[in-house]
$ cat model.pdb   # PDB, C-alpha atoms and all ligand atoms
ATOM      1  CA  MET A  16     -21.098  17.164   1.609  1.00  0.00           C
ATOM      2  CA  PRO A  17     -24.209  15.808   3.384  1.00  0.00           C
ATOM      3  CA  ALA A  18     -24.353  16.237   7.144  1.00  0.00           C
ATOM      4  CA  GLY A  19     -22.948  13.300   9.046  1.00  0.00           C
ATOM      5  CA  THR A  20     -20.614  12.113   6.291  1.00  0.00           C
ATOM      6  CA  GLU A  21     -17.759  14.540   6.974  1.00  0.00           C
ATOM      7  CA  SER A  22     -15.526  11.880   8.524  1.00  0.00           C
ATOM      8  CA  LEU A  23     -16.102   9.130   5.975  1.00  0.00           C
ATOM      9  CA  PRO A  24     -13.591   8.386   3.217  1.00  0.00           C
ATOM     10  CA  PRO A  25     -14.750  10.209   0.047  1.00  0.00           C
ATOM     11  CA  VAL A  26     -15.123   6.975  -1.940  1.00  0.00           C
ATOM     12  CA  ASP A  27     -17.725   8.258  -4.404  1.00  0.00           C
ATOM     13  CA  GLU A  28     -15.613  11.288  -5.221  1.00  0.00           C
ATOM     14  CA  ILE A  29     -12.529   9.126  -5.707  1.00  0.00           C
ATOM     15  CA  ARG A  30     -14.428   6.800  -8.036  1.00  0.00           C
ATOM     16  CA  ALA A  31     -15.482   9.821 -10.091  1.00  0.00           C
ATOM     17  CA  CYS A  32     -11.965  11.298 -10.234  1.00  0.00           C
ATOM     18  CA  ARG A  33     -10.717  12.334 -13.677  1.00  0.00           C
ATOM     19  CA  LEU A  34      -7.823  14.480 -12.527  1.00  0.00           C
ATOM     20  CA  CYS A  35      -5.096  12.847 -14.607  1.00  0.00           C
ATOM     21  CA  GLU A  36      -7.304  11.120 -17.170  1.00  0.00           C
ATOM     22  CA  ALA A  37      -5.223  12.438 -20.074  1.00  0.00           C
ATOM     23  CA  HIS A  38      -2.226  10.408 -18.851  1.00  0.00           C
ATOM     24  CA  LEU A  39      -3.980   7.091 -18.206  1.00  0.00           C
ATOM     25  CA  PRO A  40      -3.840   4.669 -21.159  1.00  0.00           C
ATOM     26  CA  LEU A  41      -6.739   2.552 -19.848  1.00  0.00           C
ATOM     27  CA  GLY A  42      -8.652   5.473 -18.400  1.00  0.00           C
ATOM     28  CA  PRO A  43      -9.462   6.288 -14.770  1.00  0.00           C
ATOM     29  CA  LYS A  44     -10.358   3.359 -12.517  1.00  0.00           C
ATOM     30  CA  PRO A  45      -9.227   4.054  -8.980  1.00  0.00           C
ATOM     31  CA  ILE A  46      -8.368   0.928  -6.976  1.00  0.00           C
ATOM     32  CA  PHE A  47      -8.554   1.252  -3.207  1.00  0.00           C
ATOM     33  CA  GLN A  48     -10.084  -0.184  -0.032  1.00  0.00           C
ATOM     34  CA  LEU A  49     -11.241   2.408   2.488  1.00  0.00           C
ATOM     35  CA  ASP A  50     -13.295   2.185   5.650  1.00  0.00           C
ATOM     36  CA  PRO A  51     -13.111   4.417   8.724  1.00  0.00           C
ATOM     37  CA  ARG A  52     -12.851   1.346  10.985  1.00  0.00           C
ATOM     38  CA  ALA A  53      -9.577   0.130   9.423  1.00  0.00           C
ATOM     39  CA  ARG A  54      -6.627  -0.339  11.777  1.00  0.00           C
ATOM     40  CA  LEU A  55      -3.865  -1.113   9.317  1.00  0.00           C
ATOM     41  CA  LEU A  56      -3.204   1.058   6.252  1.00  0.00           C
ATOM     42  CA  ILE A  57      -1.283  -0.184   3.236  1.00  0.00           C
ATOM     43  CA  THR A  58       0.150   2.450   0.935  1.00  0.00           C
ATOM     44  CA  SER A  59       1.483   0.679  -2.115  1.00  0.00           C
ATOM     45  CA  GLN A  60       2.468   2.084  -5.506  1.00  0.00           C
ATOM     46  CA  ALA A  61      -0.135   1.823  -8.301  1.00  0.00           C
ATOM     47  CA  PRO A  62      -2.351  -0.934  -9.672  1.00  0.00           C
ATOM     48  CA  GLY A  63      -1.144  -3.119 -12.529  1.00  0.00           C
ATOM     49  CA  THR A  64      -3.279  -4.360 -15.398  1.00  0.00           C
ATOM     50  CA  LYS A  65      -4.657  -7.285 -13.376  1.00  0.00           C
ATOM     51  CA  ALA A  66      -5.893  -5.049 -10.576  1.00  0.00           C
ATOM     52  CA  HIS A  67      -7.261  -2.641 -13.166  1.00  0.00           C
ATOM     53  CA  ALA A  68      -9.244  -5.481 -14.751  1.00  0.00           C
ATOM     54  CA  SER A  69     -10.510  -7.038 -11.512  1.00  0.00           C
ATOM     55  CA  GLY A  70     -10.923  -3.849  -9.492  1.00  0.00           C
ATOM     56  CA  ARG A  71      -9.242  -5.611  -6.567  1.00  0.00           C
ATOM     57  CA  PRO A  72      -5.819  -4.637  -5.201  1.00  0.00           C
ATOM     58  CA  PHE A  73      -3.148  -7.292  -4.741  1.00  0.00           C
ATOM     59  CA  ASP A  74      -5.286 -10.088  -6.178  1.00  0.00           C
ATOM     60  CA  ASP A  75      -2.200 -11.765  -7.659  1.00  0.00           C
ATOM     61  CA  PRO A  76       1.037 -13.554  -6.641  1.00  0.00           C
ATOM     62  CA  SER A  77       2.446 -10.260  -5.307  1.00  0.00           C
ATOM     63  CA  GLY A  78      -0.578 -10.029  -3.059  1.00  0.00           C
ATOM     64  CA  ASP A  79      -0.076 -13.628  -1.922  1.00  0.00           C
ATOM     65  CA  ARG A  80       3.518 -12.764  -1.012  1.00  0.00           C
ATOM     66  CA  LEU A  81       2.425  -9.626   0.854  1.00  0.00           C
ATOM     67  CA  ARG A  82      -0.223 -11.582   2.799  1.00  0.00           C
ATOM     68  CA  ASP A  83       2.436 -14.150   3.691  1.00  0.00           C
ATOM     69  CA  TRP A  84       4.748 -11.408   4.963  1.00  0.00           C
ATOM     70  CA  LEU A  85       1.882 -10.025   7.068  1.00  0.00           C
ATOM     71  CA  GLY A  86       0.821 -13.472   8.291  1.00  0.00           C
ATOM     72  CA  ILE A  87      -2.818 -13.004   7.283  1.00  0.00           C
ATOM     73  CA  ASP A  88      -5.239 -14.762   4.968  1.00  0.00           C
ATOM     74  CA  ARG A  89      -7.258 -13.307   2.095  1.00  0.00           C
ATOM     75  CA  ALA A  90     -10.420 -12.867   4.151  1.00  0.00           C
ATOM     76  CA  THR A  91      -8.540 -10.679   6.637  1.00  0.00           C
ATOM     77  CA  PHE A  92      -6.677  -8.788   3.931  1.00  0.00           C
ATOM     78  CA  TYR A  93      -9.897  -7.887   2.102  1.00  0.00           C
ATOM     79  CA  ASP A  94     -11.839  -7.023   5.256  1.00  0.00           C
ATOM     80  CA  PRO A  95     -12.132  -3.215   4.998  1.00  0.00           C
ATOM     81  CA  SER A  96     -13.023  -2.945   8.667  1.00  0.00           C
ATOM     82  CA  LEU A  97      -9.480  -4.149   9.407  1.00  0.00           C
ATOM     83  CA  ILE A  98      -7.289  -3.105   6.503  1.00  0.00           C
ATOM     84  CA  ALA A  99      -7.318  -0.012   4.286  1.00  0.00           C
ATOM     85  CA  ILE A 100      -5.439   0.190   1.003  1.00  0.00           C
ATOM     86  CA  LEU A 101      -4.553   3.621  -0.345  1.00  0.00           C
ATOM     87  CA  PRO A 102      -2.008   3.443  -3.182  1.00  0.00           C
ATOM     88  CA  THR A 103       0.406   6.233  -4.079  1.00  0.00           C
ATOM     89  CA  GLY A 104      -1.462   6.395  -7.402  1.00  0.00           C
ATOM     90  CA  MET A 105      -4.902   4.808  -7.516  1.00  0.00           C
ATOM     91  CA  CYS A 106      -5.212   4.206 -11.289  1.00  0.00           C
ATOM     92  CA  TYR A 107      -3.120   2.061 -13.619  1.00  0.00           C
ATOM     93  CA  PRO A 108      -0.467   4.459 -14.967  1.00  0.00           C
ATOM     94  CA  GLY A 109       0.580   2.556 -18.102  1.00  0.00           C
ATOM     95  CA  ARG A 110       3.976   1.296 -19.239  1.00  0.00           C
ATOM     96  CA  LEU A 111       7.325   2.966 -19.618  1.00  0.00           C
ATOM     97  CA  PRO A 112       8.698   3.113 -23.198  1.00  0.00           C
ATOM     98  CA  LYS A 113      11.600   0.839 -22.164  1.00  0.00           C
ATOM     99  CA  GLY A 114       9.334  -1.631 -20.343  1.00  0.00           C
ATOM    100  CA  GLY A 115       7.945  -1.965 -16.840  1.00  0.00           C
ATOM    101  CA  ASP A 116       5.016  -0.146 -15.309  1.00  0.00           C
ATOM    102  CA  ALA A 117       5.153   3.619 -15.229  1.00  0.00           C
ATOM    103  CA  PRO A 118       5.427   5.258 -11.806  1.00  0.00           C
ATOM    104  CA  PRO A 119       2.240   6.242  -9.966  1.00  0.00           C
ATOM    105  CA  ARG A 120       0.695   9.438 -11.338  1.00  0.00           C
ATOM    106  CA  PRO A 121       2.187  12.329  -9.356  1.00  0.00           C
ATOM    107  CA  GLU A 122      -1.163  14.150  -9.131  1.00  0.00           C
ATOM    108  CA  CYS A 123      -2.856  11.444  -7.096  1.00  0.00           C
ATOM    109  CA  ALA A 124      -1.316  11.365  -3.635  1.00  0.00           C
ATOM    110  CA  PRO A 125      -1.061  15.153  -3.164  1.00  0.00           C
ATOM    111  CA  HIS A 126      -4.693  15.500  -4.198  1.00  0.00           C
ATOM    112  CA  TRP A 127      -6.254  12.594  -2.311  1.00  0.00           C
ATOM    113  CA  HIS A 128      -4.092  11.536   0.639  1.00  0.00           C
ATOM    114  CA  PRO A 129      -4.620  14.723   2.683  1.00  0.00           C
ATOM    115  CA  ARG A 130      -8.366  14.239   2.298  1.00  0.00           C
ATOM    116  CA  VAL A 131      -8.448  10.515   2.947  1.00  0.00           C
ATOM    117  CA  LEU A 132      -5.994  10.101   5.837  1.00  0.00           C
ATOM    118  CA  PRO A 133      -8.059  12.091   8.364  1.00  0.00           C
ATOM    119  CA  THR A 134     -11.005   9.800   7.604  1.00  0.00           C
ATOM    120  CA  LEU A 135      -9.036   6.764   8.882  1.00  0.00           C
ATOM    121  CA  PRO A 136      -8.737   7.661  12.570  1.00  0.00           C
ATOM    122  CA  LYS A 137      -8.279   4.101  13.830  1.00  0.00           C
ATOM    123  CA  VAL A 138      -5.200   3.313  11.762  1.00  0.00           C
ATOM    124  CA  ARG A 139      -2.371   2.352  14.097  1.00  0.00           C
ATOM    125  CA  LEU A 140       0.271   1.432  11.530  1.00  0.00           C
ATOM    126  CA  ARG A 141       0.880   2.401   7.913  1.00  0.00           C
ATOM    127  CA  LEU A 142       2.803  -0.053   5.747  1.00  0.00           C
ATOM    128  CA  LEU A 143       4.831   1.663   3.028  1.00  0.00           C
ATOM    129  CA  VAL A 144       5.109  -0.914   0.263  1.00  0.00           C
ATOM    130  CA  GLY A 145       7.794  -0.162  -2.328  1.00  0.00           C
ATOM    131  CA  GLY A 146      10.045   2.765  -3.094  1.00  0.00           C
ATOM    132  CA  HIS A 147       7.325   5.147  -4.271  1.00  0.00           C
ATOM    133  CA  ALA A 148       5.398   4.828  -1.021  1.00  0.00           C
ATOM    134  CA  VAL A 149       8.584   5.105   1.055  1.00  0.00           C
ATOM    135  CA  ARG A 150       9.698   8.297  -0.708  1.00  0.00           C
ATOM    136  CA  LEU A 151       6.210   9.785  -0.599  1.00  0.00           C
ATOM    137  CA  VAL A 152       5.820   9.391   3.149  1.00  0.00           C
ATOM    138  CA  LEU A 153       9.359   9.330   4.560  1.00  0.00           C
ATOM    139  CA  GLY A 154      10.941  11.785   2.135  1.00  0.00           C
ATOM    140  CA  PRO A 155      12.415  11.768  -1.379  1.00  0.00           C
ATOM    141  CA  GLU A 156      15.945  11.288  -0.042  1.00  0.00           C
ATOM    142  CA  VAL A 157      15.111   8.004   1.728  1.00  0.00           C
ATOM    143  CA  ALA A 158      16.368   4.896  -0.084  1.00  0.00           C
ATOM    144  CA  LEU A 159      14.098   1.867   0.017  1.00  0.00           C
ATOM    145  CA  GLU A 160      16.613  -0.743   1.186  1.00  0.00           C
ATOM    146  CA  GLU A 161      17.967   1.498   3.915  1.00  0.00           C
ATOM    147  CA  ALA A 162      14.428   2.248   5.073  1.00  0.00           C
ATOM    148  CA  VAL A 163      13.571  -1.467   5.225  1.00  0.00           C
ATOM    149  CA  ARG A 164      16.769  -2.178   7.187  1.00  0.00           C
ATOM    150  CA  ARG A 165      15.807   0.549   9.664  1.00  0.00           C
ATOM    151  CA  ALA A 166      12.095  -0.344   9.791  1.00  0.00           C
ATOM    152  CA  GLU A 167      12.131  -0.341  13.573  1.00  0.00           C
ATOM    153  CA  SER A 168      13.134   3.320  13.641  1.00  0.00           C
ATOM    154  CA  PHE A 169       9.944   4.378  11.827  1.00  0.00           C
ATOM    155  CA  LEU A 170       7.637   2.791  14.390  1.00  0.00           C
ATOM    156  CA  PRO A 171       5.091   3.235  15.783  1.00  0.00           C
ATOM    157  CA  ARG A 172       3.512   4.939  12.755  1.00  0.00           C
ATOM    158  CA  HIS A 173       5.247   3.508   9.671  1.00  0.00           C
ATOM    159  CA  PHE A 174       6.758   0.240   8.478  1.00  0.00           C
ATOM    160  CA  PRO A 175       8.634   0.249   5.122  1.00  0.00           C
ATOM    161  CA  LEU A 176       8.620  -2.861   2.944  1.00  0.00           C
ATOM    162  CA  PRO A 177       9.920  -3.763  -0.515  1.00  0.00           C
ATOM    163  CA  HIS A 178       7.321  -4.294  -3.194  1.00  0.00           C
ATOM    164  CA  PRO A 179       6.366  -7.985  -3.031  1.00  0.00           C
ATOM    165  CA  SER A 180       6.834  -8.648  -6.749  1.00  0.00           C
ATOM    166  CA  TRP A 181       8.629 -11.733  -8.068  1.00  0.00           C
ATOM    167  CA  ARG A 182      11.797  -9.647  -8.420  1.00  0.00           C
ATOM    168  CA  THR A 183      11.912  -9.278  -4.638  1.00  0.00           C
ATOM    169  CA  ARG A 184      12.676 -12.986  -4.226  1.00  0.00           C
ATOM    170  CA  VAL A 185      16.232 -12.376  -5.439  1.00  0.00           C
ATOM    171  CA  TRP A 186      16.612  -9.412  -3.098  1.00  0.00           C
ATOM    172  CA  VAL A 187      15.309 -11.452  -0.156  1.00  0.00           C
ATOM    173  CA  LYS A 188      17.863 -14.201  -0.859  1.00  0.00           C
ATOM    174  CA  ARG A 189      20.638 -11.608  -0.758  1.00  0.00           C
ATOM    175  CA  ASN A 190      19.267 -10.085   2.434  1.00  0.00           C
ATOM    176  CA  PRO A 191      18.336 -13.001   4.734  1.00  0.00           C
ATOM    177  CA  TRP A 192      17.784 -10.624   7.709  1.00  0.00           C
ATOM    178  CA  PHE A 193      14.536  -9.624   6.002  1.00  0.00           C
ATOM    179  CA  GLU A 194      13.009 -13.086   6.542  1.00  0.00           C
ATOM    180  CA  THR A 195      14.689 -13.867   9.854  1.00  0.00           C
ATOM    181  CA  GLU A 196      14.125 -10.497  11.580  1.00  0.00           C
ATOM    182  CA  THR A 197      11.863  -8.102   9.667  1.00  0.00           C
ATOM    183  CA  ILE A 198       9.042 -10.478   8.779  1.00  0.00           C
ATOM    184  CA  PRO A 199       8.649 -11.997  12.269  1.00  0.00           C
ATOM    185  CA  ARG A 200       8.580  -8.477  13.733  1.00  0.00           C
ATOM    186  CA  LEU A 201       5.993  -7.389  11.157  1.00  0.00           C
ATOM    187  CA  ARG A 202       3.769 -10.417  11.808  1.00  0.00           C
ATOM    188  CA  THR A 203       3.825  -9.750  15.533  1.00  0.00           C
ATOM    189  CA  LEU A 204       2.851  -6.103  15.002  1.00  0.00           C
ATOM    190  CA  VAL A 205       0.040  -6.992  12.606  1.00  0.00           C
ATOM    191  CA  ARG A 206      -1.292  -9.717  14.876  1.00  0.00           C
ATOM    192  CA  GLU A 207      -1.346  -7.340  17.847  1.00  0.00           C
ATOM    193  CA  ILE A 208      -2.969  -4.500  15.935  1.00  0.00           C
ATOM    194  CA  LEU A 209      -5.687  -6.668  14.409  1.00  0.00           C
ATOM    195  CA  ALA A 210      -6.433  -8.318  17.757  1.00  0.00           C
ATOM    196  CA  GLN A 211      -7.105  -5.001  19.472  1.00  0.00           C
ATOM    197  CA  PRO A 212     -10.756  -4.017  19.846  1.00  0.00           C
TER     198      PRO A 212
HETATM  199  S1  LIG A 301      -4.682   8.312 -10.593  1.00  0.00           S
HETATM  200 FE1  LIG A 301      -5.623   9.366  -8.851  1.00  0.00          FE
HETATM  201  S2  LIG A 301      -5.702  11.527  -9.495  1.00  0.00           S
HETATM  202 FE2  LIG A 301      -5.473  10.288 -11.368  1.00  0.00          FE
HETATM  203  S3  LIG A 301      -7.576   9.892 -12.089  1.00  0.00           S
HETATM  204 FE3  LIG A 301      -6.952   8.150 -10.801  1.00  0.00          FE
HETATM  205  S4  LIG A 301      -7.755   8.663  -8.748  1.00  0.00           S
HETATM  206 FE4  LIG A 301      -7.709  10.580  -9.951  1.00  0.00          FE
END

$ encode --input "model.pdb" --output "structure tokens"
Amino acid sequence: MPAGTESLPPVDEIRACRLCEAHLPLGPKPIFQLDPRARLLITSQAPGTKAHASGRPFDDPSGDRLRDWLGIDRATFYDPSLIAILPTGMCYPGRLPKGGDAPPRPECAPHWHPRVLPTLPKVRLRLLVGGHAVRLVLGPEVALEEAVRRAESFLPRHFPLPHPSWRTRVWVKRNPWFETETIPRLRTLVREILAQP
């Protein structure tokens, strides 16, 4: 590693990663957004085919829903000096035989997260988006809905959220506290964190 780059996210190494290539139907193409200045970290699950094609995370209706929950626009969301995105698995993992996207590759987070997280020293809050991210960070025994209900108890470091896919709309209708309590609290936190120097 060249002198002076020890504390930077290893983006070139991540882009060159072939660790689980044999399991990736579309081949390795890590999707992430990393900058040592970032103050908010989003750990999601794994890119879908659209993100794989565009190279941009959350550039779809799920991303629009997530930005709405956070109360931020696209320019803020894609500003790497404010927001970092480090998925549980950084490459598209393919489909399950019965339908639906496969889970994030299990090799990815154990290999990369311990190397990347220390290079994001300004992160004040990590959003855990979806069950894979919640179980990875909070523990395999933690259920997503329970974690979201108890989001306040994971502060100041973590904030669990459901994945913002279209399926979540039904869940949100059944759990109105999410829109009346959780989202306003989240927007306040995000606004405060992004406003800090
Ligand atoms: S999913 Fe992660 S570990 Fe696998 S090739 Fe992509 S970056 Fe490497």

$ atom_distance --input "model.pdb" --atom1 "CA of Gln48 (chain A)" --atom2 "CA of Ala99 (chain A)"
5.1 Å

$ closest_residue --input "model.pdb" --among "A:Arg82, A:Arg110, A:His126, A:Arg54" --to "Leu39 (chain A)" --atoms "all atoms listed in the file"
A:Arg110

$ closest_residue --input "model.pdb" --among "A:Pro177, A:Gln60, A:Pro76, A:Val163" --to "Glu196 (chain A)" --atoms "only C-alpha atoms"
A:Val163

$ residues_near_ligand --input "model.pdb" --ligand "ligand LIG 301 (chain A)" --cutoff "10 Å" --atoms "all atoms listed in the file" --output "VMD selection string"
chain A and resid 28 to 39 42 to 47 61 to 62 102 to 108 119 to 128

$ resolve_selection --input "model.pdb" --expression "the PyMOL selection byres (((chain A and resi 98) around 12) and not hetatm)" --output "ChimeraX atom specification"
/A:47-58,72,82,85,87-97,99-101,135,137-142,205,208-209

$ atom_distance --input "model.pdb" --atom1 "CA of Ala210 (chain A)" --atom2 "CA of His173 (chain A)"
18.5 Å

$ atom_distance --input "model.pdb" --atom1 "CA of Val152 (chain A)" --atom2 "CA of Pro129 (chain A)"
11.7 Å

$ closest_residue --input "model.pdb" --among "A:Gly86, A:Pro175, A:Gly154, A:Gly109" --to "Pro40 (chain A)" --atoms "all atoms listed in the file"
A:Gly109

$ residues_around --input "model.pdb" --residues "Gly145 (chain A)" --least-positions-apart "3" --cutoff "7 Å" --atoms "only C-alpha atoms" --output "ChimeraX atom specification"
/A:59-60,148-149,176-178

$ residues_around --input "model.pdb" --residues "Thr134 (chain A)" --least-positions-apart "6" --cutoff "7 Å" --atoms "all atoms listed in the file" --output "PyMOL selection string"
chain A and resi 22-24+51

$ closest_residue --input "model.pdb" --among "A:Ala117, A:Leu81, A:Ala158, A:Ala66" --to "Val144 (chain A)" --atoms "only C-alpha atoms"
A:Leu81

$ resolve_selection --input "model.pdb" --expression "the PyMOL selection byres (((chain A and resi 193) around 12) and not hetatm)" --output "PDB file with C-alpha atoms, in the coordinates of the input"
ATOM      1  CA  TRP A  84       4.748 -11.408   4.963  1.00  0.00           C
ATOM      2  CA  GLU A 160      16.613  -0.743   1.186  1.00  0.00           C
ATOM      3  CA  GLU A 161      17.967   1.498   3.915  1.00  0.00           C
ATOM      4  CA  ALA A 162      14.428   2.248   5.073  1.00  0.00           C
ATOM      5  CA  VAL A 163      13.571  -1.467   5.225  1.00  0.00           C
ATOM      6  CA  ARG A 164      16.769  -2.178   7.187  1.00  0.00           C
ATOM      7  CA  ARG A 165      15.807   0.549   9.664  1.00  0.00           C
ATOM      8  CA  ALA A 166      12.095  -0.344   9.791  1.00  0.00           C
ATOM      9  CA  PRO A 175       8.634   0.249   5.122  1.00  0.00           C
ATOM     10  CA  LEU A 176       8.620  -2.861   2.944  1.00  0.00           C
ATOM     11  CA  PRO A 177       9.920  -3.763  -0.515  1.00  0.00           C
ATOM     12  CA  THR A 183      11.912  -9.278  -4.638  1.00  0.00           C
ATOM     13  CA  ARG A 184      12.676 -12.986  -4.226  1.00  0.00           C
ATOM     14  CA  VAL A 185      16.232 -12.376  -5.439  1.00  0.00           C
ATOM     15  CA  TRP A 186      16.612  -9.412  -3.098  1.00  0.00           C
ATOM     16  CA  VAL A 187      15.309 -11.452  -0.156  1.00  0.00           C
ATOM     17  CA  LYS A 188      17.863 -14.201  -0.859  1.00  0.00           C
ATOM     18  CA  ARG A 189      20.638 -11.608  -0.758  1.00  0.00           C
ATOM     19  CA  ASN A 190      19.267 -10.085   2.434  1.00  0.00           C
ATOM     20  CA  PRO A 191      18.336 -13.001   4.734  1.00  0.00           C
ATOM     21  CA  TRP A 192      17.784 -10.624   7.709  1.00  0.00           C
ATOM     22  CA  GLU A 194      13.009 -13.086   6.542  1.00  0.00           C
ATOM     23  CA  THR A 195      14.689 -13.867   9.854  1.00  0.00           C
ATOM     24  CA  GLU A 196      14.125 -10.497  11.580  1.00  0.00           C
ATOM     25  CA  THR A 197      11.863  -8.102   9.667  1.00  0.00           C
ATOM     26  CA  ILE A 198       9.042 -10.478   8.779  1.00  0.00           C
ATOM     27  CA  PRO A 199       8.649 -11.997  12.269  1.00  0.00           C
ATOM     28  CA  ARG A 200       8.580  -8.477  13.733  1.00  0.00           C
ATOM     29  CA  LEU A 201       5.993  -7.389  11.157  1.00  0.00           C
TER      30      LEU A 201
END

$ closest_residue --input "model.pdb" --among "A:Gly63, A:Pro179, A:Pro133, A:Gly146" --to "Pro25 (chain A)" --atoms "only C-alpha atoms"
A:Pro133

$ closest_residue --input "model.pdb" --among "A:Pro136, A:Gly115, A:Glu156, A:Ser180" --to "Asp79 (chain A)" --atoms "only C-alpha atoms"
A:Ser180

$ decode --input "model.pdb" --residues "region 128-198 of chain A" --atoms "C-alpha atoms" --output "PDB file, in the first residue's frame"
ATOM      1  CA  HIS A 128     -16.173  -4.818   6.086  1.00  0.00           C
ATOM      2  CA  PRO A 129     -13.338  -5.114   8.635  1.00  0.00           C
ATOM      3  CA  ARG A 130     -11.036  -3.427   6.133  1.00  0.00           C
ATOM      4  CA  VAL A 131     -13.436  -0.736   4.994  1.00  0.00           C
ATOM      5  CA  LEU A 132     -15.089   0.363   8.251  1.00  0.00           C
ATOM      6  CA  PRO A 133     -11.906   1.783   9.821  1.00  0.00           C
ATOM      7  CA  THR A 134     -11.463   3.942   6.714  1.00  0.00           C
ATOM      8  CA  LEU A 135     -14.779   5.737   7.430  1.00  0.00           C
ATOM      9  CA  PRO A 136     -13.883   7.542  10.661  1.00  0.00           C
ATOM     10  CA  LYS A 137     -16.475  10.306  10.329  1.00  0.00           C
ATOM     11  CA  VAL A 138     -19.501   8.028  10.147  1.00  0.00           C
ATOM     12  CA  ARG A 139     -21.871   8.913  12.971  1.00  0.00           C
ATOM     13  CA  LEU A 140     -24.741   6.572  12.134  1.00  0.00           C
ATOM     14  CA  ARG A 141     -25.003   3.302  10.230  1.00  0.00           C
ATOM     15  CA  LEU A 142     -28.353   2.462   8.652  1.00  0.00           C
ATOM     16  CA  LEU A 143     -28.999  -1.280   8.483  1.00  0.00           C
ATOM     17  CA  VAL A 144     -31.335  -1.720   5.530  1.00  0.00           C
ATOM     18  CA  GLY A 145     -33.096  -5.092   5.403  1.00  0.00           C
ATOM     19  CA  GLY A 146     -32.811  -8.346   7.288  1.00  0.00           C
ATOM     20  CA  HIS A 147     -29.390  -9.351   5.966  1.00  0.00           C
ATOM     21  CA  ALA A 148     -27.789  -6.130   7.165  1.00  0.00           C
ATOM     22  CA  VAL A 149     -29.603  -6.313  10.513  1.00  0.00           C
ATOM     23  CA  ARG A 150     -28.457  -9.890  11.170  1.00  0.00           C
ATOM     24  CA  LEU A 151     -24.924  -9.161   9.996  1.00  0.00           C
ATOM     25  CA  VAL A 152     -24.408  -6.242  12.356  1.00  0.00           C
ATOM     26  CA  LEU A 153     -26.796  -6.826  15.266  1.00  0.00           C
ATOM     27  CA  GLY A 154     -26.579 -10.614  15.382  1.00  0.00           C
ATOM     28  CA  PRO A 155     -28.122 -13.611  13.605  1.00  0.00           C
ATOM     29  CA  GLU A 156     -30.800 -13.990  16.280  1.00  0.00           C
ATOM     30  CA  VAL A 157     -32.210 -10.477  15.741  1.00  0.00           C
ATOM     31  CA  ALA A 158     -35.481 -10.395  13.788  1.00  0.00           C
ATOM     32  CA  LEU A 159     -35.911  -7.519  11.364  1.00  0.00           C
ATOM     33  CA  GLU A 160     -39.342  -6.292  12.474  1.00  0.00           C
ATOM     34  CA  GLU A 161     -38.411  -6.397  16.138  1.00  0.00           C
ATOM     35  CA  ALA A 162     -35.204  -4.503  15.392  1.00  0.00           C
ATOM     36  CA  VAL A 163     -37.110  -1.808  13.478  1.00  0.00           C
ATOM     37  CA  ARG A 164     -39.625  -1.484  16.334  1.00  0.00           C
ATOM     38  CA  ARG A 165     -36.736  -1.024  18.771  1.00  0.00           C
ATOM     39  CA  ALA A 166     -34.668   1.236  16.487  1.00  0.00           C
ATOM     40  CA  GLU A 167     -34.182   3.752  19.268  1.00  0.00           C
ATOM     41  CA  SER A 168     -32.388   1.172  21.399  1.00  0.00           C
ATOM     42  CA  PHE A 169     -29.622   0.738  18.802  1.00  0.00           C
ATOM     43  CA  LEU A 170     -28.707   4.421  18.761  1.00  0.00           C
ATOM     44  CA  PRO A 171     -26.390   6.217  18.593  1.00  0.00           C
ATOM     45  CA  ARG A 172     -24.501   3.870  16.249  1.00  0.00           C
ATOM     46  CA  HIS A 173     -27.140   1.889  14.332  1.00  0.00           C
ATOM     47  CA  PHE A 174     -30.620   2.369  12.899  1.00  0.00           C
ATOM     48  CA  PRO A 175     -32.412  -0.716  11.465  1.00  0.00           C
ATOM     49  CA  LEU A 176     -34.822  -0.316   8.559  1.00  0.00           C
ATOM     50  CA  PRO A 177     -36.838  -2.672   6.356  1.00  0.00           C
ATOM     51  CA  HIS A 178     -35.699  -3.001   2.776  1.00  0.00           C
ATOM     52  CA  PRO A 179     -37.517  -0.270   0.828  1.00  0.00           C
ATOM     53  CA  SER A 180     -38.807  -2.573  -1.912  1.00  0.00           C
ATOM     54  CA  TRP A 181     -42.382  -2.412  -3.206  1.00  0.00           C
ATOM     55  CA  ARG A 182     -43.274  -5.292  -0.878  1.00  0.00           C
ATOM     56  CA  THR A 183     -42.594  -3.029   2.099  1.00  0.00           C
ATOM     57  CA  ARG A 184     -45.622  -0.880   1.251  1.00  0.00           C
ATOM     58  CA  VAL A 185     -47.919  -3.630   2.538  1.00  0.00           C
ATOM     59  CA  TRP A 186     -45.848  -3.996   5.699  1.00  0.00           C
ATOM     60  CA  VAL A 187     -45.912  -0.232   6.286  1.00  0.00           C
ATOM     61  CA  LYS A 188     -49.718  -0.194   5.992  1.00  0.00           C
ATOM     62  CA  ARG A 189     -49.920  -2.900   8.651  1.00  0.00           C
ATOM     63  CA  ASN A 190     -47.465  -1.062  10.884  1.00  0.00           C
ATOM     64  CA  PRO A 191     -48.482   2.630  10.834  1.00  0.00           C
ATOM     65  CA  TRP A 192     -46.059   3.451  13.707  1.00  0.00           C
ATOM     66  CA  PHE A 193     -43.276   3.147  11.133  1.00  0.00           C
ATOM     67  CA  GLU A 194     -44.476   6.248   9.247  1.00  0.00           C
ATOM     68  CA  THR A 195     -45.768   8.189  12.241  1.00  0.00           C
ATOM     69  CA  GLU A 196     -42.826   7.588  14.615  1.00  0.00           C
ATOM     70  CA  THR A 197     -39.824   5.879  13.007  1.00  0.00           C
ATOM     71  CA  ILE A 198     -39.546   7.947   9.839  1.00  0.00           C
TER      72      ILE A 198
END
